[in-house]
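Colleague: Before I ask anything, here is the structure I am working with.
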Amino acid sequence: MADHAPALPPRIRTWLTAKLRFPVLGTIGADGRPSLSVMWAVLQDDDSLLMNTRRDRTKARNLARDPWASLCYQDAYEYVTLEGPVTFRDDPDLLDIIAIRDHYRDDYDFSSQRGERVSMIMSVDKVREHLKRL
């Protein structure tokens with residue numbers, strides 16, 4: 001995360017980590033339309049979000065072209081949306097996706113995708129939240 005970016009408020013971090021959540025990733029397609037994907041995303045100690053996908057997926061292509069994203073976590077009437085730029089790093093040995101998979105307590109075997117996966121790291125520069133029902 002960039003040095004100037006604000007840290008997540010403790011109550012937001014607590015809400016995000018209180019239980020296993022599956023956020024929706026929003027990117028912008030080549031035609032300008034929004035593109036949404038349910039994702040695995042792990043909040044890191046520096047308040048960035050670690051995600052991973054195959055290099056050929058629409059979300060990776062969208063973010064390579066336009067690196068801005070939103071992640072929306074929802075629980076009934078409450079939600080937190082995190083926004084910010086995304087950077088990439090290769091995951092040829094599947095270390096990131098295995099760590100993310102383990103965080104989500106899944107057992108999917110990614111071994112056939114060795115060399116095809118890329119990690120996406122989103123730095124949070126905006127937080128939108130609605131944690132109390134109106």
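Following the order of the structure tokens, first chain is A, next is B, and so on, with residues numbered from 1 inside each chain and ligands from 1 in the order they appear.
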Do you know which residues are at most 8 Å from stretch 48-65 of chain A counting only C-alpha atoms, after dropping those on the same chain fewer than 2 positions away, and could you put them as a PyMOL selection string?
Modeller: chain A and resi 1+27-30+35+37+39-46+67-69+86+96-97+100+113+116-124
Colleague: Among the residues of stretch 10-77 of chain A, find those DSSP assigns to strand (DSSP E) from the backbone and print them as a count of residues only.
Modeller: 26
Colleague: I want to know what sits within 9 Å of A:Leu131, based on only C-alpha atoms, with residues of the same chain fewer than 5 positions away left out; could you give that as a PDB file with N, CA and C atoms, in the first residue's frame?
Modeller:
```pdb
ATOM      1  N   ILE A  12     -13.580  -1.191  10.668  1.00  0.00           N
ATOM      2  CA  ILE A  12     -13.725  -1.781   9.323  1.00  0.00           C
ATOM      3  C   ILE A  12     -12.898  -3.056   9.243  1.00  0.00           C
ATOM      4  N   TRP A  15     -14.695  -5.768  11.143  1.00  0.00           N
ATOM      5  CA  TRP A  15     -15.853  -6.284  10.416  1.00  0.00           C
ATOM      6  C   TRP A  15     -15.409  -7.194   9.269  1.00  0.00           C
ATOM      7  N   TYR A  77     -27.865  -6.396   5.461  1.00  0.00           N
ATOM      8  CA  TYR A  77     -27.988  -4.980   5.115  1.00  0.00           C
ATOM      9  C   TYR A  77     -26.696  -4.198   5.308  1.00  0.00           C
ATOM     10  N   GLU A  78     -25.659  -4.850   5.740  1.00  0.00           N
ATOM     11  CA  GLU A  78     -24.381  -4.170   5.949  1.00  0.00           C
ATOM     12  C   GLU A  78     -23.450  -4.446   4.780  1.00  0.00           C
ATOM     13  N   TYR A  79     -22.601  -3.460   4.480  1.00  0.00           N
ATOM     14  CA  TYR A  79     -21.602  -3.667   3.443  1.00  0.00           C
ATOM     15  C   TYR A  79     -20.423  -2.733   3.656  1.00  0.00           C
ATOM     16  N   VAL A  80     -19.293  -3.152   3.106  1.00  0.00           N
ATOM     17  CA  VAL A  80     -18.092  -2.330   3.039  1.00  0.00           C
ATOM     18  C   VAL A  80     -17.583  -2.451   1.616  1.00  0.00           C
TER      19      VAL A  80
END
```
Colleague: Report as an NGL selection string: the residues of stretch 28-109 of chain A with a DSSP assignment of helix (DSSP H, G or I), based on the backbone of this structure.
Modeller: :A and (58-65 or 95-103)
Colleague: Kindly save the residues from that selection, with C-alpha atoms included, as a PDB file, in the first residue's frame.
Modeller:
```pdb
ATOM      1  CA  THR A  58     -11.515 -11.106 -17.993  1.00  0.00           C
ATOM      2  CA  LYS A  59     -10.816  -9.492 -14.597  1.00  0.00           C
ATOM      3  CA  ALA A  60      -7.036  -9.733 -15.142  1.00  0.00           C
ATOM      4  CA  ARG A  61      -7.300  -8.307 -18.654  1.00  0.00           C
ATOM      5  CA  ASN A  62      -9.564  -5.490 -17.426  1.00  0.00           C
ATOM      6  CA  LEU A  63      -7.177  -4.587 -14.608  1.00  0.00           C
ATOM      7  CA  ALA A  64      -4.121  -4.747 -16.874  1.00  0.00           C
ATOM      8  CA  ARG A  65      -5.810  -2.146 -19.081  1.00  0.00           C
ATOM      9  CA  LEU A  95       2.272 -19.747  -3.506  1.00  0.00           C
ATOM     10  CA  ASP A  96      -0.252 -16.904  -3.335  1.00  0.00           C
ATOM     11  CA  ILE A  97      -3.247 -18.863  -4.590  1.00  0.00           C
ATOM     12  CA  ILE A  98      -2.496 -21.717  -2.193  1.00  0.00           C
ATOM     13  CA  ALA A  99      -2.286 -19.274   0.738  1.00  0.00           C
ATOM     14  CA  ILE A 100      -5.570 -17.675  -0.348  1.00  0.00           C
ATOM     15  CA  ARG A 101      -7.192 -21.088  -0.854  1.00  0.00           C
ATOM     16  CA  ASP A 102      -6.090 -22.159   2.616  1.00  0.00           C
ATOM     17  CA  HIS A 103      -7.495 -18.930   4.098  1.00  0.00           C
TER      18      HIS A 103
END
```
Colleague: Expressed in Å to a single decimal, how great is the separation between atom CA of A:Cys72 and atom CA of A:Val38?
Modeller: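 That distance, rounded to one decimal, is 9.3 Å.
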Colleague: Taking only C-alpha atoms into account, name the residue in A:Leu36, A:Ala76, A:Leu94, A:Leu71 that is nearest to A:Lys126.
Modeller: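 For A:Lys126, the nearest of the candidates is A:Leu71.
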Colleague: Rank nothing, just name the residue among A:Asp66, A:Asp31, A:Asp125, A:Asp106 nearest to A:Leu8, using only C-alpha atoms.
Modeller: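 The shortest atom-to-atom distance to A:Leu8 comes from A:Asp125.
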Colleague: Could you state the separation of atom CA of A:Thr14 and atom CA of A:Pro85 in Å, given to one decimal place?
Modeller: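 If I compute the distance from atom CA of A:Thr14 to atom CA of A:Pro85, I get 22.5 Å.
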